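One file, query-v3.pdb, carrying PDB, C-alpha atoms and all ligand atoms:
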```pdb
ATOM      1  CA  MET L1477     -11.674  -7.249  14.672
ATOM      2  CA  THR L1478      -8.324  -5.405  14.852
ATOM      3  CA  ARG L1479      -7.696  -5.897  11.142
ATOM      4  CA  LEU L1480     -11.230  -4.745  10.318
ATOM      5  CA  LEU L1481     -10.736  -1.615  12.404
ATOM      6  CA  ALA L1482      -7.408  -0.918  10.677
ATOM      7  CA  LYS L1483      -9.055  -1.363   7.267
ATOM      8  CA  LEU L1484     -11.928   0.942   8.230
ATOM      9  CA  HIS L1485      -9.473   3.541   9.455
ATOM     10  CA  PHE L1486      -7.586   3.315   6.154
ATOM     11  CA  LEU L1487     -10.735   3.696   4.049
ATOM     12  CA  LEU L1488     -12.362   6.454   6.111
ATOM     13  CA  THR L1489      -9.211   8.572   6.140
ATOM     14  CA  ILE L1490      -8.629   8.497   2.358
ATOM     15  CA  PRO L1491      -9.977  12.016   1.625
ATOM     16  CA  ALA L1492      -8.203  13.504   4.658
ATOM     17  CA  SER L1493      -4.952  11.760   3.633
ATOM     18  CA  ILE L1494      -5.121  13.240   0.153
ATOM     19  CA  PHE L1495      -5.863  16.696   1.538
ATOM     20  CA  LEU L1496      -3.206  16.611   4.260
ATOM     21  CA  ILE L1497      -0.395  15.039   2.208
ATOM     22  CA  LEU L1498      -0.888  17.452  -0.681
ATOM     23  CA  GLN L1499      -1.485  20.476   1.564
ATOM     24  CA  SER L1500       1.554  22.603   0.787
ATOM     25  CA  THR L1501       2.163  26.270   0.158
ATOM     26  CA  LYS L1502       5.182  25.262  -1.929
ATOM     27  CA  ILE L1503       3.300  23.544  -4.775
ATOM     28  CA  HIS L1504       4.270  25.508  -7.868
ATOM     29  CA  PRO L1505       1.350  27.636  -9.165
ATOM     30  CA  SER L1506       2.017  26.699 -12.802
ATOM     31  CA  TYR L1507       0.706  23.160 -12.068
ATOM     32  CA  ARG L1508      -2.702  24.675 -11.142
ATOM     33  CA  MET L1509      -3.276  22.182  -8.329
ATOM     34  CA  THR L1510      -6.644  23.366  -7.051
ATOM     35  CA  LEU L1511      -8.342  21.430  -4.269
ATOM     36  CA  GLY L1512     -10.433  19.606  -6.872
ATOM     37  CA  ARG L1513      -7.385  18.595  -8.929
ATOM     38  CA  LYS L1514      -5.579  17.361  -5.815
ATOM     39  CA  LEU L1515      -8.592  15.274  -4.815
ATOM     40  CA  TRP L1516      -8.926  13.891  -8.339
ATOM     41  CA  LEU L1517      -5.218  12.952  -8.467
ATOM     42  CA  GLY L1518      -5.335  11.308  -5.039
ATOM     43  CA  LEU L1519      -8.497   9.328  -5.797
ATOM     44  CA  ARG L1520      -7.113   8.140  -9.135
ATOM     45  CA  MET L1521      -3.970   7.018  -7.355
ATOM     46  CA  PHE L1522      -5.984   5.211  -4.707
ATOM     47  CA  PHE L1523      -8.147   3.386  -7.262
ATOM     48  CA  ASN L1524      -5.084   2.503  -9.352
ATOM     49  CA  THR L1525      -3.594   0.696  -6.377
ATOM     50  CA  ARG L1526      -6.836  -1.346  -6.169
ATOM     51  CA  ARG L1527      -6.817  -2.163  -9.892
ATOM     52  CA  ILE L1528      -3.110  -3.021 -10.262
ATOM     53  CA  PRO L1529      -1.241  -5.275  -7.813
ATOM     54  CA  THR L1530       1.030  -2.748  -6.120
ATOM     55  CA  GLY L1531       3.709  -3.128  -3.474
ATOM     56  CA  THR L1532       3.412   0.438  -2.170
ATOM     57  CA  THR L1533       0.494   2.566  -1.013
ATOM     58  CA  PHE L1534      -1.139   5.478  -2.789
ATOM     59  CA  ARG L1535      -0.132   7.627   0.172
ATOM     60  CA  THR L1536       3.546   6.895  -0.557
ATOM     61  CA  HIS L1537       2.898   7.818  -4.192
ATOM     62  CA  LEU L1538       1.301  11.066  -3.025
ATOM     63  CA  ALA L1539       4.347  11.898  -0.887
ATOM     64  CA  ILE L1540       6.584  11.414  -3.938
ATOM     65  CA  ALA L1541       4.116  13.433  -6.022
ATOM     66  CA  LEU L1542       4.327  16.285  -3.529
ATOM     67  CA  LYS L1543       8.087  16.638  -3.992
ATOM     68  CA  ILE L1544       7.633  16.746  -7.763
ATOM     69  CA  LEU L1545       4.785  19.254  -7.537
ATOM     70  CA  GLU L1546       6.784  21.474  -5.188
ATOM     71  CA  THR L1547       9.643  21.740  -7.657
ATOM     72  CA  PRO L1548       9.418  24.617 -10.136
ATOM     73  CA  PRO L1549       9.321  23.534 -13.788
ATOM     74  CA  THR L1550      12.598  25.406 -14.374
ATOM     75  CA  VAL L1551      14.477  22.796 -12.312
ATOM     76  CA  PRO L1552      15.669  20.125 -14.741
ATOM     77  CA  GLY L1553      15.391  16.391 -14.260
ATOM     78  CA  VAL L1554      13.406  13.296 -15.022
ATOM     79  CA  VAL L1555      11.659  11.058 -12.513
ATOM     80  CA  VAL L1556      13.257   7.603 -12.346
ATOM     81  CA  GLU L1557      11.556   4.539 -10.953
ATOM     82  CA  CYS L1558      13.753   1.524 -10.262
ATOM     83  CA  GLY L1559      11.505  -1.452  -9.588
ATOM     84  CA  SER L1560       8.064  -1.419 -11.186
ATOM     85  CA  TRP L1561       6.623  -4.949 -10.646
ATOM     86  CA  LYS L1562       3.194  -4.740 -12.410
ATOM     87  CA  GLY L1563       3.456  -0.960 -12.880
ATOM     88  CA  GLY L1564       1.185   0.220 -10.050
ATOM     89  CA  SER L1565       3.566   2.861  -8.729
ATOM     90  CA  SER L1566       4.749   3.670 -12.280
ATOM     91  CA  THR L1567       1.147   4.350 -13.321
ATOM     92  CA  ASN L1568       0.653   6.793 -10.456
ATOM     93  CA  LEU L1569       3.983   8.528 -10.966
ATOM     94  CA  SER L1570       3.178   8.900 -14.672
ATOM     95  CA  LEU L1571       0.074  10.920 -13.711
ATOM     96  CA  VAL L1572       2.219  13.405 -11.755
ATOM     97  CA  CYS L1573       4.696  13.560 -14.627
ATOM     98  CA  ARG L1574       1.863  14.505 -16.980
ATOM     99  CA  ILE L1575       0.814  17.369 -14.675
ATOM    100  CA  THR L1576       4.383  18.646 -14.308
ATOM    101  CA  GLY L1577       5.632  18.008 -17.843
ATOM    102  CA  ARG L1578       8.339  15.583 -16.752
ATOM    103  CA  THR L1579       9.439  12.219 -18.116
ATOM    104  CA  LEU L1580       9.152   9.036 -16.058
ATOM    105  CA  VAL L1581      11.946   6.560 -16.744
ATOM    106  CA  VAL L1582      10.867   3.089 -15.613
ATOM    107  CA  CYS L1583      13.807   0.734 -15.040
ATOM    108  CA  ASP L1584      13.347  -2.953 -14.333
ATOM    109  CA  SER L1585      14.514  -6.373 -15.445
ATOM    110  CA  PHE L1586      10.837  -7.091 -16.215
ATOM    111  CA  ARG L1587      11.840 -10.620 -15.121
ATOM    112  CA  GLY L1588      11.562 -10.140 -11.358
ATOM    113  CA  LEU L1589      14.334 -10.139  -8.779
ATOM    114  CA  PRO L1590      17.828 -11.284  -9.752
ATOM    115  CA  PRO L1591      19.534 -14.237  -8.058
ATOM    116  CA  ALA L1592      20.974 -13.577  -4.610
ATOM    117  CA  VAL L1593      24.594 -12.490  -4.354
ATOM    118  CA  PRO L1594      26.830 -13.282  -1.362
ATOM    119  CA  GLY L1595      26.674 -10.705   1.411
ATOM    120  CA  ASP L1596      23.141  -9.521   0.610
ATOM    121  CA  ARG L1597      21.235 -10.033   3.880
ATOM    122  CA  GLU L1598      17.851  -9.126   2.400
ATOM    123  CA  ALA L1599      18.132 -11.862  -0.218
ATOM    124  CA  ARG L1600      17.110 -14.551   2.289
ATOM    125  CA  HIS L1601      13.555 -13.160   2.260
ATOM    126  CA  TYR L1602      13.150 -13.570  -1.526
ATOM    127  CA  SER L1603      13.620 -15.963  -4.426
ATOM    128  CA  GLU L1604      14.930 -15.277  -7.885
ATOM    129  CA  GLY L1605      12.082 -14.117 -10.131
ATOM    130  CA  ASP L1606       9.894 -12.750  -7.314
ATOM    131  CA  TYR L1607       7.838  -9.700  -8.260
ATOM    132  CA  VAL L1608       7.894 -10.388 -11.966
ATOM    133  CA  GLY L1609       5.962  -7.971 -14.117
ATOM    134  CA  THR L1610       6.627  -8.160 -17.832
ATOM    135  CA  LEU L1611       7.174  -5.063 -19.957
ATOM    136  CA  GLY L1612       3.861  -5.867 -21.658
ATOM    137  CA  GLU L1613       1.968  -5.982 -18.352
ATOM    138  CA  VAL L1614       3.523  -2.731 -17.126
ATOM    139  CA  THR L1615       2.909  -0.789 -20.345
ATOM    140  CA  SER L1616      -0.641  -2.088 -20.612
ATOM    141  CA  ASN L1617      -1.443  -1.002 -17.027
ATOM    142  CA  ILE L1618       0.061   2.453 -17.557
ATOM    143  CA  ARG L1619      -1.736   2.816 -20.896
ATOM    144  CA  ARG L1620      -5.095   2.018 -19.283
ATOM    145  CA  HIS L1621      -4.753   3.906 -16.031
ATOM    146  CA  GLY L1622      -1.869   6.381 -16.324
ATOM    147  CA  ALA L1623       0.011   8.544 -18.818
ATOM    148  CA  ILE L1624       2.037   6.302 -21.127
ATOM    149  CA  GLU L1625       3.084   9.276 -23.274
ATOM    150  CA  CYS L1626       5.254  10.509 -20.371
ATOM    151  CA  CYS L1627       7.123   7.210 -19.935
ATOM    152  CA  GLU L1628      10.349   5.654 -21.153
ATOM    153  CA  PHE L1629      11.288   2.080 -20.335
ATOM    154  CA  VAL L1630      14.750   0.695 -19.642
ATOM    155  CA  GLU L1631      14.817  -3.086 -19.584
ATOM    156  CA  GLY L1632      17.621  -5.049 -17.938
ATOM    157  CA  TRP L1633      19.548  -5.592 -14.714
ATOM    158  CA  PHE L1634      20.331  -2.309 -12.973
ATOM    159  CA  GLU L1635      24.001  -3.272 -12.833
ATOM    160  CA  GLU L1636      24.041  -3.178 -16.648
ATOM    161  CA  THR L1637      21.548  -0.438 -17.489
ATOM    162  CA  LEU L1638      22.086   2.288 -14.874
ATOM    163  CA  PRO L1639      25.791   2.970 -15.583
ATOM    164  CA  LYS L1640      24.868   3.727 -19.208
ATOM    165  CA  GLN L1641      22.194   6.309 -18.377
ATOM    166  CA  GLN L1642      22.858  10.016 -18.151
ATOM    167  CA  GLY L1643      21.101  13.293 -17.503
ATOM    168  CA  PRO L1644      19.663  15.049 -14.460
ATOM    169  CA  VAL L1645      17.242  13.277 -12.139
ATOM    170  CA  LEU L1646      14.779  15.213  -9.993
ATOM    171  CA  VAL L1647      13.241  12.309  -8.092
ATOM    172  CA  ALA L1648      14.221   8.654  -7.937
ATOM    173  CA  PHE L1649      11.931   6.009  -6.476
ATOM    174  CA  VAL L1650      14.034   2.963  -5.646
ATOM    175  CA  ASP L1651      11.794   0.026  -4.733
ATOM    176  CA  VAL L1652      14.125  -2.896  -5.310
ATOM    177  CA  ASP L1653      14.022  -5.104  -2.176
ATOM    178  CA  LEU L1654      17.612  -6.390  -2.277
ATOM    179  CA  GLU L1655      20.635  -4.738  -0.680
ATOM    180  CA  ALA L1656      22.701  -5.361  -3.808
ATOM    181  CA  SER L1657      20.082  -3.639  -5.967
ATOM    182  CA  LEU L1658      19.806  -0.712  -3.532
ATOM    183  CA  HIS L1659      23.589  -0.337  -3.619
ATOM    184  CA  THR L1660      23.657  -0.214  -7.422
ATOM    185  CA  CYS L1661      20.740   2.196  -7.704
ATOM    186  CA  VAL L1662      22.079   4.695  -5.171
ATOM    187  CA  ARG L1663      25.579   4.434  -6.586
ATOM    188  CA  TYR L1664      24.498   5.339 -10.125
ATOM    189  CA  LEU L1665      21.534   7.606  -9.462
ATOM    190  CA  TRP L1666      22.997   9.826  -6.726
ATOM    191  CA  PRO L1667      25.517  11.643  -8.975
ATOM    192  CA  ARG L1668      22.676  12.435 -11.401
ATOM    193  CA  LEU L1669      20.357  13.808  -8.716
ATOM    194  CA  VAL L1670      19.979  17.604  -9.020
ATOM    195  CA  PRO L1671      20.685  19.703  -5.883
ATOM    196  CA  GLU L1672      16.907  20.019  -5.303
ATOM    197  CA  GLY L1673      16.433  16.260  -5.896
ATOM    198  CA  TYR L1674      15.070  13.448  -3.723
ATOM    199  CA  LEU L1675      15.574   9.704  -3.563
ATOM    200  CA  PHE L1676      12.763   7.600  -2.083
ATOM    201  CA  ILE L1677      12.980   3.972  -1.009
ATOM    202  CA  ASP L1678      10.253   1.540  -0.022
ATOM    203  CA  GLU L1679      11.995  -0.771   2.464
ATOM    204  CA  SER L1680      11.944   1.677   5.350
ATOM    205  CA  VAL L1681      11.512  -0.653   8.340
ATOM    206  CA  GLY L1682      14.774  -2.581   7.890
ATOM    207  CA  THR L1683      17.221  -0.630  10.015
ATOM    208  CA  ASP L1684      20.177  -2.465   8.412
ATOM    209  CA  TYR L1685      18.820  -1.618   4.957
ATOM    210  CA  CYS L1686      18.300   2.035   5.914
ATOM    211  CA  ALA L1687      21.822   2.136   7.351
ATOM    212  CA  LEU L1688      23.246   2.687   3.871
ATOM    213  CA  PHE L1689      22.027   6.273   4.156
ATOM    214  CA  TYR L1690      23.937   6.786   7.400
ATOM    215  CA  SER L1691      27.059   4.799   6.535
ATOM    216  CA  GLU L1692      30.093   7.058   6.622
ATOM    217  CA  THR L1693      32.152   4.253   5.060
ATOM    218  CA  TRP L1694      29.818   3.834   2.081
ATOM    219  CA  TRP L1695      29.490   7.535   1.313
ATOM    220  CA  ARG L1696      33.213   8.162   1.782
ATOM    221  CA  ARG L1697      34.117   5.206  -0.456
ATOM    222  CA  TYR L1698      31.825   5.975  -3.400
ATOM    223  CA  PHE L1699      31.347   9.745  -3.261
ATOM    224  CA  ASN L1700      34.022  11.033  -0.864
ATOM    225  CA  THR L1701      31.344  12.761   1.166
ATOM    226  CA  THR L1702      29.311  12.394   4.356
ATOM    227  CA  PRO L1703      25.978  10.502   4.436
ATOM    228  CA  PRO L1704      22.688  12.269   3.663
ATOM    229  CA  GLY L1705      20.518  10.473   6.267
ATOM    230  CA  LEU L1706      17.026   9.114   5.648
ATOM    231  CA  ILE L1707      13.700  10.646   6.696
ATOM    232  CA  GLY L1708      11.445   7.808   7.819
ATOM    233  CA  ALA L1709      14.247   5.349   8.658
ATOM    234  CA  GLY L1710      12.923   2.430  10.704
ATOM    235  CA  THR L1711       9.212   3.282  10.529
ATOM    236  CA  GLY L1712       8.426   4.888   7.210
ATOM    237  CA  LEU L1713       7.008   8.360   6.691
ATOM    238  CA  PRO L1714       4.177   9.238   9.092
ATOM    239  CA  LEU L1715       1.370   9.136   6.531
ATOM    240  CA  GLY L1716      -1.414   7.812   8.694
ATOM    241  CA  ASP L1717      -0.378   4.279   9.615
ATOM    242  CA  PHE L1718       0.311   3.063  13.142
ATOM    243  CA  TYR L1719       3.668   1.398  13.687
ATOM    244  CA  ILE L1720       5.674   0.703  16.808
ATOM    245  CA  GLY L1721       7.893  -2.135  15.579
ATOM    246  CA  PRO L1722      10.345  -3.678  15.439
ATOM    247  CA  TRP L1723       9.584  -5.595  12.226
ATOM    248  CA  SER L1724      10.422  -8.931  13.904
ATOM    249  CA  GLU L1725       7.432  -8.386  16.253
ATOM    250  CA  ARG L1726       4.911  -7.480  13.536
ATOM    251  CA  ASP L1727       2.727 -10.542  14.213
ATOM    252  CA  HIS L1728       2.127  -9.255  17.757
ATOM    253  CA  HIS L1729       0.740  -5.969  16.401
ATOM    254  CA  PRO L1730      -1.931  -6.950  13.876
ATOM    255  CA  GLY L1731      -3.353  -3.420  13.595
ATOM    256  CA  GLN L1732      -0.033  -1.850  12.783
ATOM    257  CA  ARG L1733       1.970  -1.614   9.626
ATOM    258  CA  ALA L1734       4.636   0.575   8.155
ATOM    259  CA  SER L1735       4.309   0.813   4.432
ATOM    260  CA  SER L1736       5.017   4.376   3.508
ATOM    261  CA  GLY L1737       8.667   4.387   2.461
ATOM    262  CA  ALA L1738      11.375   6.846   3.362
ATOM    263  CA  TYR L1739      13.451   9.420   1.547
ATOM    264  CA  THR L1740      16.600  11.409   1.436
ATOM    265  CA  GLY L1741      17.590  14.473  -0.523
ATOM    266  CA  LYS L1742      20.682  15.703  -2.275
ATOM    267  CA  SER L1743      20.873  18.646   0.126
ATOM    268  CA  LEU L1744      20.152  16.691   3.330
ATOM    269  CA  SER L1745      22.653  15.541   5.926
ATOM    270  CA  GLY L1746      22.758  12.610   8.355
ATOM    271  CA  HIS L1747      26.217  12.974   9.825
ATOM    272  CA  TRP L1748      27.261  13.090  13.493
ATOM    273  CA  THR L1749      30.109  15.496  14.324
ATOM    274  CA  TYR L1750      30.168  15.926  18.124
ATOM    275  CA  TYR L1751      33.132  14.050  19.617
ATOM    276  CA  PRO L1752      34.003  16.021  22.769
ATOM    277  CA  GLU L1753      37.180  14.059  23.584
ATOM    278  CA  GLU L1754      38.819  14.972  20.266
TER     279      GLU L1754
HETATM  280  C1  LIG L1801       8.846  -4.835  -4.953
HETATM  281  S1  LIG L1801       8.961  -4.787  -6.687
HETATM  282  C2  LIG L1801       8.529  -3.124  -7.076
HETATM  283  C3  LIG L1801       7.133  -2.763  -6.647
HETATM  284  C4  LIG L1801       6.557  -1.519  -7.285
HETATM  285  N1  LIG L1801       7.381  -0.356  -7.093
HETATM  286  C5  LIG L1801       5.188  -1.263  -6.702
HETATM  287  O1  LIG L1801       5.052  -0.339  -5.873
HETATM  288  O2  LIG L1801       4.274  -1.994  -7.040
HETATM  289  C6  LIG L1801      10.699  -4.861  -6.962
HETATM  290  C7  LIG L1801      11.100  -4.757  -8.426
HETATM  291  O3  LIG L1801      12.498  -4.550  -8.500
HETATM  292  C8  LIG L1801      13.009  -5.215  -9.646
HETATM  293  N2  LIG L1801      14.443  -5.447  -9.415
HETATM  294  C9  LIG L1801      15.068  -5.678  -8.223
HETATM  295  N3  LIG L1801      16.400  -5.790  -8.385
HETATM  296  C10 LIG L1801      16.646  -5.597  -9.712
HETATM  297  C11 LIG L1801      17.846  -5.528 -10.493
HETATM  298  N4  LIG L1801      19.050  -5.727  -9.937
HETATM  299  N5  LIG L1801      17.736  -5.253 -11.806
HETATM  300  C12 LIG L1801      16.519  -5.052 -12.379
HETATM  301  N6  LIG L1801      15.342  -5.110 -11.696
HETATM  302  C13 LIG L1801      15.400  -5.371 -10.370
HETATM  303  C14 LIG L1801      12.159  -6.471  -9.767
HETATM  304  O4  LIG L1801      12.115  -6.947 -11.091
HETATM  305  C15 LIG L1801      10.782  -5.983  -9.271
HETATM  306  O5  LIG L1801       9.962  -5.595 -10.359
END
```

Now, as a test, write the supplied structure out as structure tokens.
Ligand SMILES: C[S@@+](CC[C@H](N)C(=O)[O-])C[C@H]1O[C@@H](n2cnc3c(N)ncnc32)[C@H](O)[C@@H]1O
Amino acid sequence: MTRLLAKLHFLLTIPASIFLILQSTKIHPSYRMTLGRKLWLGLRMFFNTRRIPTGTTFRTHLAIALKILETPPTVPGVVVECGSWKGGSSTNLSLVCRITGRTLVVCDSFRGLPPAVPGDREARHYSEGDYVGTLGEVTSNIRRHGAIECCEFVEGWFEETLPKQQGPVLVAFVDVDLEASLHTCVRYLWPRLVPEGYLFIDESVGTDYCALFYSETWWRRYFNTTPPGLIGAGTGLPLGDFYIGPWSERDHHPGQRASSGAYTGKSLSGHWTYYPEE
């Protein structure tokens, strides 16, 4: 009964979600996002997540789309997706890239998750090869349901491919499960992020995972700066789901789920400075 009610709520609120998430006075006029075009984009994204096995919701994709649509075309930068699985989120991001004239760079091993490395606490939840989507599967899904002409594909382990890539990044979507993979992606993508840029993650309920974005040690060590913080840390972005948490108690709350991701921005700050005794 609870699950049915949650499903009904999800389905009945689809049009309102599209309208409310994309309701912004900042969307750049050159993208001509009329109400009809917003609805069309949102519905395509929703149906794509039904047609392609996808680890993230269309509402998360819409939140990422909003940041891209709000950025004037004069701001440089590609959209990078690290972690594509079967290409569900890539397909939806490719649609926004077509509207905005940007390139989507899809990075993945196309062999699933790498083996666990020592010290990675998230690795205990996964096995090597989980979430495999081959390059053929991903390109075929994007070709059928998205905008393949806007995409470039980078195959290989992030540790090997990301250090070799260059050029400005407007938005990065890092959906990579493991702490080691998150570390590598943020380390190599952050310097490329333009001042107006954003970095989204999917694993927003793990407070240890999210802690990277508040770790003064990490940001000092790799970028000699203070941490940027993370909007949605611990619960995900408030995009219509109910979630009280913590994650360890999820089985007690069958009608709740947090699945909307979180984000930070190059210009944001998550740094405490008030130490009255100093
Ligand atoms: C959860 S899936 C991505 C789901 C997808 N974004 C979606 O919404 O459907 C995680 C992906 O990250 C990739 N991945 C994780 N760590 C990686 C690494 N170190 N190098 C390359 N690919 C990696 C896996 O191959 C997998 O496709």

* Which neighbours of L:Trp1695 fall inside 12 Å, counting only C-alpha atoms, when residues of the same chain fewer than 2 positions from it are skipped, and could you give them as a PyMOL selection string? -> chain L and resi 1659+1662-1663+1666-1667+1687-1693+1697-1705+1745-1747

* Please provide the set of residues having any atom within 9 Å of L:Lys1562, restricted to only C-alpha atoms, with same-chain residues fewer than 5 positions apart removed, written as a PyMOL selection string. => chain L and resi 1528-1530+1586+1607-1611+1613-1615+1617

* Residues up to 7 Å from ligand LIG 1801 (chain L), counting only C-alpha atoms and all ligand atoms: could you list those as number ranges by chain? => L: 1529-1532, 1558-1565, 1583-1590, 1607-1609, 1632-1635, 1651-1654, 1657

* Identify, on the basis of all atoms listed in the file, every residue whose closest approach to L:Ser1506 does not exceed 10 Å; exclude the query and any residue fewer than 2 positions from it along the same chain; express the result as a PyMOL selection string. => chain L and resi 1503-1504+1508-1509+1545+1548-1549+1575-1576

* Between L:Leu1542, L:Thr1660, L:Asp1606, L:Met1477, which is the closest to L:Thr1637 once you count all atoms listed in the file? ->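 That would be L:Thr1660, the residue with the smallest distance to L:Thr1637.
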